[in-house]
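What follows is the content of target37.txt (compact mmCIF, C-alpha atoms).
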```
# COMPACT_ATOMS: atom_id res chain seq x y z
CA MET A 266 141.70 -68.70 207.63
CA THR A 267 144.92 -66.80 208.29
CA THR A 268 145.41 -63.13 207.55
CA VAL A 269 148.78 -62.20 206.06
CA THR A 270 149.95 -58.60 205.77
CA LEU A 271 151.71 -57.89 202.48
CA GLN A 272 154.02 -55.00 201.70
CA PRO A 273 152.27 -52.34 199.53
CA LYS A 274 154.85 -52.74 196.75
CA ILE A 275 154.18 -56.50 196.56
CA MET A 276 150.43 -55.90 196.67
CA ILE A 277 150.62 -53.62 193.60
CA GLU A 278 152.35 -56.37 191.62
CA ILE A 279 149.92 -59.01 192.82
CA ASN A 280 146.94 -56.87 191.85
CA ARG A 281 148.45 -56.27 188.41
CA GLU A 282 149.07 -59.99 187.88
CA SER A 283 145.61 -61.01 189.08
CA GLN A 284 144.05 -58.52 186.62
CA ARG A 285 146.26 -59.80 183.82
CA ARG A 286 145.23 -63.40 184.52
CA GLN A 287 141.64 -62.42 185.33
CA ILE A 288 141.61 -64.37 188.57
CA SER A 289 141.12 -63.21 192.15
CA VAL A 290 144.03 -62.20 194.35
CA ASP A 291 143.16 -65.06 196.70
CA GLU A 292 143.30 -67.58 193.87
CA LEU A 293 146.55 -66.17 192.49
CA VAL A 294 148.36 -66.13 195.84
CA ASN A 295 147.13 -69.61 196.73
CA ASP A 296 148.28 -70.92 193.31
CA TRP A 297 151.71 -69.34 193.72
CA LEU A 298 152.18 -70.65 197.24
CA LYS A 299 150.98 -74.12 196.26
CA HIS A 300 153.49 -74.19 193.39
CA TYR A 301 156.28 -72.81 195.59
CA LEU A 302 155.64 -75.45 198.26
CA TRP A 303 155.57 -78.18 195.58
CA GLU A 304 158.95 -77.01 194.27
CA LEU A 305 160.32 -76.81 197.80
CA ARG A 306 159.17 -80.39 198.43
CA ASN A 307 160.95 -81.55 195.24
CA LYS A 308 164.11 -79.75 196.33
CA LYS A 309 163.96 -81.48 199.72
CA ILE A 310 163.53 -84.85 197.97
CA GLY A 311 166.69 -84.01 195.98
CA GLU A 312 168.56 -83.35 199.21
CA GLU A 313 167.16 -86.51 200.80
CA SER A 314 168.28 -88.48 197.70
CA LYS A 315 171.85 -87.28 198.27
CA ARG A 316 171.68 -88.46 201.89
CA TYR A 317 170.25 -91.79 200.72
CA VAL A 318 173.07 -92.29 198.18
CA ALA A 319 175.66 -91.50 200.86
CA MET A 320 174.05 -94.01 203.26
CA HIS A 321 173.16 -96.63 200.64
CA ALA A 322 175.80 -99.26 201.50
CA GLU A 323 174.75 -99.21 205.15
CA LEU A 324 171.03 -99.22 204.37
CA ARG A 325 171.46 -102.08 201.90
CA LYS A 326 172.84 -104.29 204.68
CA GLN A 327 169.73 -103.76 206.77
CA TYR A 328 166.97 -103.20 204.19
CA ALA A 329 168.05 -105.05 201.03
CA ASP A 330 165.22 -105.05 198.45
CA LYS A 331 162.80 -103.45 200.92
CA VAL A 332 160.99 -100.16 200.33
CA ILE A 333 162.01 -97.53 202.83
CA ALA A 334 160.78 -94.04 203.63
CA MET A 335 163.44 -91.56 204.70
CA LEU A 336 163.03 -88.19 206.39
CA ASP A 337 166.06 -86.09 207.36
CA GLY A 338 168.33 -89.11 206.95
CA GLN A 339 166.21 -91.29 209.24
CA VAL A 340 164.27 -94.36 208.07
CA VAL A 341 160.67 -93.69 209.14
CA ASP A 342 158.87 -96.61 207.47
CA VAL A 343 159.70 -99.93 205.82
CA GLY A 344 157.61 -102.16 203.57
CA ASP A 345 157.46 -104.19 200.39
CA ASP A 346 155.39 -101.90 198.18
CA VAL A 347 156.00 -98.25 197.26
CA VAL A 348 152.32 -97.30 197.19
CA GLU A 349 151.56 -98.92 200.54
CA VAL A 350 154.52 -97.16 202.14
CA TYR A 351 153.50 -93.88 200.48
CA HIS A 352 149.97 -94.08 201.91
CA ARG A 353 151.24 -94.85 205.42
CA VAL A 354 153.78 -92.04 205.26
CA HIS A 355 151.27 -89.58 203.85
CA LYS A 356 148.86 -90.39 206.66
CA LYS A 357 151.58 -89.84 209.26
CA PHE A 358 153.51 -86.89 207.78
CA GLY A 359 151.02 -85.23 205.41
CA ASP A 360 152.70 -83.27 202.61
CA GLU A 361 156.14 -83.44 204.22
CA ALA A 362 158.91 -84.34 201.71
CA VAL A 363 159.66 -87.97 202.53
CA LEU A 364 161.87 -89.96 200.17
CA ILE A 365 160.42 -93.36 199.28
CA THR A 366 162.62 -95.84 197.49
CA LYS A 367 163.39 -99.51 197.09
CA VAL A 368 166.84 -100.33 198.48
CA ASP A 369 168.18 -101.95 195.31
CA SER A 370 171.75 -103.01 194.63
CA GLU A 371 172.32 -99.63 192.94
CA PRO A 372 171.46 -96.51 194.95
CA ILE A 373 169.96 -94.62 192.00
CA LYS A 374 167.98 -96.58 189.45
CA THR A 375 168.37 -95.96 185.70
CA TYR A 376 165.39 -96.50 183.38
CA LYS A 377 165.85 -96.85 179.63
CA ILE A 378 164.03 -95.22 176.76
CA ARG A 379 164.76 -97.21 173.61
CA SER A 380 162.55 -95.34 171.18
CA PRO A 381 164.31 -92.65 169.16
CA ARG A 382 161.98 -90.45 167.07
CA LEU A 383 162.54 -89.10 163.58
CA THR A 384 162.57 -85.32 163.61
CA THR A 385 162.95 -85.03 159.84
CA PRO A 386 160.68 -86.54 157.15
CA LEU A 387 161.47 -90.00 155.83
CA PRO A 388 163.63 -89.86 152.67
CA MET B 50 144.32 -85.60 159.30
CA SER B 51 145.55 -85.99 162.84
CA GLU B 52 147.53 -83.40 164.71
CA TYR B 53 150.49 -85.74 164.76
CA ILE B 54 150.84 -85.60 160.97
CA GLN B 55 150.96 -81.81 161.22
CA THR B 56 153.66 -81.83 163.86
CA ASP B 57 157.03 -83.52 163.92
CA TYR B 58 156.08 -87.19 163.71
CA ALA B 59 157.26 -88.80 160.50
CA LEU B 60 154.79 -91.67 160.85
CA PRO B 61 151.44 -92.12 162.61
CA ILE B 62 151.81 -92.93 166.27
CA PRO B 63 149.42 -94.75 168.62
CA VAL B 64 148.01 -92.72 171.48
CA LEU B 65 145.59 -93.29 174.34
CA HIS B 66 143.59 -90.62 176.13
CA VAL B 67 145.05 -90.00 179.57
CA SER B 68 143.86 -87.93 182.53
CA ILE B 69 146.12 -87.23 185.46
CA GLY B 70 145.14 -86.68 189.07
CA ASN B 71 146.42 -86.69 192.57
CA SER B 72 144.93 -88.19 195.70
CA ASP B 73 144.22 -84.73 197.14
CA ASP B 74 141.42 -82.40 196.04
CA THR B 75 143.34 -80.99 193.04
CA PRO B 76 141.18 -81.32 189.89
CA TRP B 77 142.09 -83.98 187.33
CA LEU B 78 143.79 -82.79 184.17
CA GLY B 79 142.87 -84.20 180.79
CA PRO B 80 142.07 -85.99 178.66
CA LEU B 81 145.48 -85.59 177.03
CA ASP B 82 147.22 -87.68 174.37
CA GLY B 83 149.61 -90.27 175.81
CA ILE B 84 151.98 -91.90 173.34
CA VAL B 85 152.12 -95.67 173.59
CA ASP B 86 155.81 -96.53 173.77
CA THR B 87 156.71 -100.14 174.50
CA GLY B 88 160.39 -99.15 174.33
CA ALA B 89 160.06 -96.98 177.43
CA ASP B 90 160.62 -98.64 180.81
CA ILE B 91 158.59 -96.03 182.64
CA THR B 92 155.79 -93.55 182.01
CA MET B 93 156.85 -89.93 181.63
CA ILE B 94 154.77 -86.81 182.11
CA PRO B 95 155.83 -83.19 181.51
CA LEU B 96 156.76 -81.32 184.67
CA ASN B 97 154.19 -78.55 184.14
CA ILE B 98 151.39 -81.15 184.22
CA ILE B 99 152.85 -82.79 187.32
CA ALA B 100 153.00 -79.36 188.97
CA ARG B 101 149.40 -78.54 188.07
CA VAL B 102 148.10 -81.66 189.79
CA ASN B 103 150.51 -81.04 192.68
CA ALA B 104 151.80 -84.64 192.55
CA PRO B 105 154.21 -85.59 195.33
CA SER B 106 157.80 -86.54 194.48
CA LEU B 107 159.27 -89.79 195.80
CA GLN B 108 162.88 -90.13 194.70
CA GLU B 109 165.36 -89.17 192.00
CA GLY B 110 166.77 -91.38 189.26
CA TYR B 111 168.15 -91.46 185.74
CA LEU B 112 166.72 -92.02 182.28
CA ARG B 113 169.00 -93.50 179.63
CA SER B 114 168.28 -92.74 175.98
CA ALA B 115 168.75 -95.13 173.06
CA TRP B 116 172.23 -93.60 172.57
CA GLY B 117 173.26 -94.09 176.18
CA ASN B 118 172.86 -90.51 177.41
CA ASP B 119 171.64 -90.23 180.99
CA SER B 120 169.25 -87.52 182.21
CA ARG B 121 168.39 -86.82 185.82
CA ILE B 122 164.69 -87.31 186.58
CA THR B 123 162.38 -87.18 189.55
CA PHE B 124 159.79 -89.86 190.27
CA PHE B 125 156.30 -88.76 191.23
CA ILE B 126 153.21 -90.66 192.28
CA VAL B 127 149.96 -89.92 190.42
CA ASN B 128 146.57 -91.38 189.63
CA LEU B 129 146.00 -92.10 185.94
CA GLN B 130 142.87 -92.62 183.94
CA ILE B 131 143.60 -94.28 180.59
CA GLU B 132 140.46 -94.28 178.47
CA GLN B 133 137.92 -95.78 180.93
CA LEU B 134 140.42 -97.44 183.24
CA ARG B 135 141.62 -95.76 186.40
CA PHE B 136 144.90 -96.61 188.16
CA SER B 137 145.92 -95.22 191.50
CA GLY B 138 149.44 -94.84 192.84
CA VAL B 139 151.31 -94.95 189.53
CA GLN B 140 154.98 -94.00 189.55
CA VAL B 141 155.93 -91.65 186.72
CA ALA B 142 159.13 -89.83 185.79
CA SER B 143 159.54 -86.19 184.91
CA ASN B 144 162.07 -83.44 184.31
CA GLU B 145 162.25 -80.09 182.50
CA SER B 146 163.06 -81.75 179.15
CA ILE B 147 160.06 -84.06 178.94
CA ASP B 148 157.47 -82.36 176.74
CA GLU B 149 154.93 -85.10 175.97
CA ILE B 150 153.17 -87.88 177.82
CA ILE B 151 154.83 -91.22 177.15
CA LEU B 152 153.07 -94.32 178.38
CA GLY B 153 155.85 -96.75 179.28
CA ARG B 154 155.77 -100.40 180.19
CA ASN B 155 155.19 -99.85 183.91
CA VAL B 156 151.66 -98.92 182.78
CA LEU B 157 151.33 -100.68 179.41
CA ASN B 158 152.15 -104.07 180.94
CA LYS B 159 148.91 -103.76 182.91
CA LEU B 160 146.74 -103.21 179.82
CA PRO B 161 145.39 -105.80 177.39
CA LEU B 162 146.18 -103.79 174.26
CA PHE B 163 145.41 -104.61 170.66
CA LEU B 164 147.15 -102.63 167.93
CA ASP B 165 146.25 -102.82 164.24
CA ALA B 166 148.28 -100.42 162.11
CA SER B 167 147.90 -102.37 158.88
CA SER B 168 145.00 -100.70 157.06
CA THR B 169 143.59 -97.17 157.05
CA GLY B 170 145.17 -95.99 160.26
CA ILE B 171 146.21 -97.06 163.70
CA ILE B 172 143.48 -98.70 165.72
CA LEU B 173 144.44 -99.16 169.33
CA LYS B 174 142.03 -100.99 171.58
CA ILE B 175 142.00 -101.83 175.24
CA SER B 176 140.38 -105.19 174.61
CA GLN B 177 139.00 -105.88 178.08
CA SER B 178 139.13 -104.54 181.57
CA PRO B 179 141.57 -106.26 183.90
CA ALA B 180 139.84 -107.47 187.07
CA TRP B 181 142.04 -105.30 189.29
CA ALA B 182 141.30 -102.10 187.35
CA PRO B 183 137.52 -101.79 187.11
CA PRO B 184 136.27 -99.61 184.28
CA ILE B 185 134.61 -96.32 185.11
CA SER B 186 131.88 -96.94 182.56
CA SER B 187 130.11 -100.24 182.06
CA GLU B 188 131.61 -100.72 178.61
CA SER B 189 134.09 -103.56 178.56
CA THR B 190 135.80 -102.47 175.36
CA ALA B 191 137.36 -99.08 174.88
CA LEU B 192 138.11 -98.01 171.34
CA ALA B 193 140.99 -95.74 172.10
CA ASN B 194 141.94 -93.45 169.29
CA LEU B 195 142.32 -93.29 165.57
CA GLN B 196 145.37 -91.63 164.07
CA PHE B 197 145.75 -91.32 160.31
```
Render the structure in this file as structure tokens.
Amino acid sequence: MTTVTLQPKIMIEINRESQRRQISVDELVNDWLKHYLWELRNKKIGEESKRYVAMHAELRKQYADKVIAMLDGQVVDVGDDVVEVYHRVHKKFGDEAVLITKVDSEPIKTYKIRSPRLTTPLP
Amino acid sequence: MSEYIQTDYALPIPVLHVSIGNSDDTPWLGPLDGIVDTGADITMIPLNIIARVNAPSLQEGYLRSAWGNDSRITFFIVNLQIEQLRFSGVQVASNESIDEIILGRNVLNKLPLFLDASSTGIILKISQSPAWAPPISSESTALANLQF
């Protein structure tokens, strides 16, 4: 367990929010930090995606149709299956934001949704 | 009367009960309604659900609508339980605009589904358990959901 000292002004707001939600301060702060770290990880994946797109032509020459894991612009794992690579990477790097992608002919894959929905009643 | 009739669906729609989890100790979320959409390449889950199970992101991509509009999405890896079948390491897409669970073909193509929408309502059955996705219960047939 780590003890963190919070500023009194922040502590007042945290107490107020924990009372409003009827959960403990510990639970509230842990939830917030967990969510913040999750968002931070997504942001890092976004940045890594940009690096991947910029390097795609070069990577395609070496890793065509392979699944790669990329951290800070460096390929840290290679395989044939996304889930297998994910498990290896997770074991090695924990919750670190590591991009995992198949090196297809296009750098960013587009999926299609062909099912429009009626938002008004049928005539 | 089902909740779908009371909302914005003009016609009954087939759904399966879905629970979403992560490989860490975060509790599973569900069961929730997942719309069966064979026109969708990939399964989509609202971002708030993805956040609650703390699912890790893998990569970014695009979704193209029926009219050709592209939306930026992020791919996440989750564990899914659909009725009694559990799948680990499923790739799903999400962004701020996705507000319902859509089961796309990356998942549906692994299910032996039977759909009968001809009589009193939609009957959607998972007719048997694939060998690679053992059922959680001993029942081999899962009657999924009835929507009138």
Check which residues of range 88-160 of chain B sit at most 12 Å from range 304-307 of chain A using only C-alpha atoms, and return one row each with the closest pair of atoms and their distance in Å to one decimal, ordered by chain and rising number, as CSV.
```
residue,atom,partner,partner_atom,distance
B:Leu96,CA,A:Glu304,CA,10.7
B:Asn97,CA,A:Glu304,CA,11.3
B:Ile99,CA,A:Glu304,CA,10.9
B:Ala100,CA,A:Glu304,CA,8.3
B:Arg101,CA,A:Glu304,CA,11.5
B:Asn103,CA,A:Glu304,CA,9.5
B:Ala104,CA,A:Asn307,CA,10.0
B:Pro105,CA,A:Arg306,CA,7.8
B:Ser106,CA,A:Asn307,CA,5.9
B:Leu107,CA,A:Asn307,CA,8.4
B:Gln108,CA,A:Asn307,CA,8.8
B:Glu109,CA,A:Asn307,CA,9.4
B:Ile122,CA,A:Asn307,CA,11.1
B:Thr123,CA,A:Asn307,CA,8.1
B:Phe124,CA,A:Asn307,CA,9.8
B:Phe125,CA,A:Asn307,CA,9.5
B:Ser143,CA,A:Asn307,CA,11.4
B:Asn144,CA,A:Asn307,CA,11.1
```
Identify every residue of chain A that has at least one atom within 6 Å of any atom of chain B, counting only C-alpha atoms, and report the result as a PyMOL selection string. chain A and resi 307+348+364-365+373-380+384+386
What is the CA of Asp345 in chain A to CA of Lys331 in chain A distance in Å?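 CA of Lys331 in chain A lies at a distance of 5.4 Å from CA of Asp345 in chain A.
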Would you compute the distance between CA of Ile69 in chain B and CA of Ala362 in chain A? Give it in Å to one decimal.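 Going from CA of Ile69 in chain B over to CA of Ala362 in chain A, I get 20.9 Å.
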Residue nearest Ile333 in chain A among A:Val294, A:Ile310, A:Val368, A:Ala319 (counting all atoms listed in the file): A:Val368
Surrounding residues of Tyr317 in chain A excluding itself and chain neighbours under 3 positions, 8 Å, all atoms listed in the file, as a ChimeraX atom specification: /A:313-314,320-321,335,338,372
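A straight line drawn from CA of Asp330 in chain A to CA of Asp369 in chain A is 5.3 Å long.
Nearest residue to Asn158 in chain B, choosing from B:Leu78, B:Val85, B:Leu129, B:Ile98 and counting only C-alpha atoms: B:Val85.
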